[in-house]
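Notes follow once the structure below has been shown.
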Amino acid sequence: MAQISNIIPPSNFTRNGATFRQYRIAQMNAAGDVSEATAATQILEGIIVDPGRENGDQCAIETIGEAIGEAGAAFDEGAQLTADADGQLIATTTVGNFIVAHAIEAAAAAGDRVRVRVLPGHRRFAATA
């Protein structure tokens, strides 16, 4: 697996959730804490790089730059990625889904860990003319 080196370090947040796994997608809740994403329509914050140990711990989320993410299904290099129900990366072309990253590498199957480019801000997929 390639070493990731970003100019901007991961952002620190407070963890809120019993299930919070490294390489999965984090989403922000109304209180400003993060939990593991469970839907493509949530506000997706980035990729979990250090999950902490338990609720209330500080955790590190890659919110811009390259990260290693865990696939929920196969996808191609260059795919626009969102979250599945388990916080894993899946390709999307559905209008209204939040896009958390673009695939730098293809994933052959669920569970593959691949390099992705995390996008800054909260972007939704939009249809093209």
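By convention in this document, the chains of the structure tokens carry letters A, B, ... by their order, each chain's residues are numbered from 1, and ligands are numbered from 1 in the order they are shown.
The neighbours of region 22-31 of chain A here are the residues that come within 7 Å of it, using only C-alpha atoms and leaving out any residue fewer than 4 positions away in the same chain; they are Ser35, Glu36, Ala37, Gln42, Ile43, Leu44, Glu45, Gly46, Ile47, Ile48, Val49, Asp50, Pro51, Ile68, Gly69, Glu70, Ala83, Gly87 and Gln88 of chain A.
Contact shell of Ile104 (chain A) at 7 Å (only C-alpha atoms; same-chain neighbours under 2 positions omitted): Glu77, Gly78, His102, Ala106, Arg115, Val116 and Arg117 of chain A.
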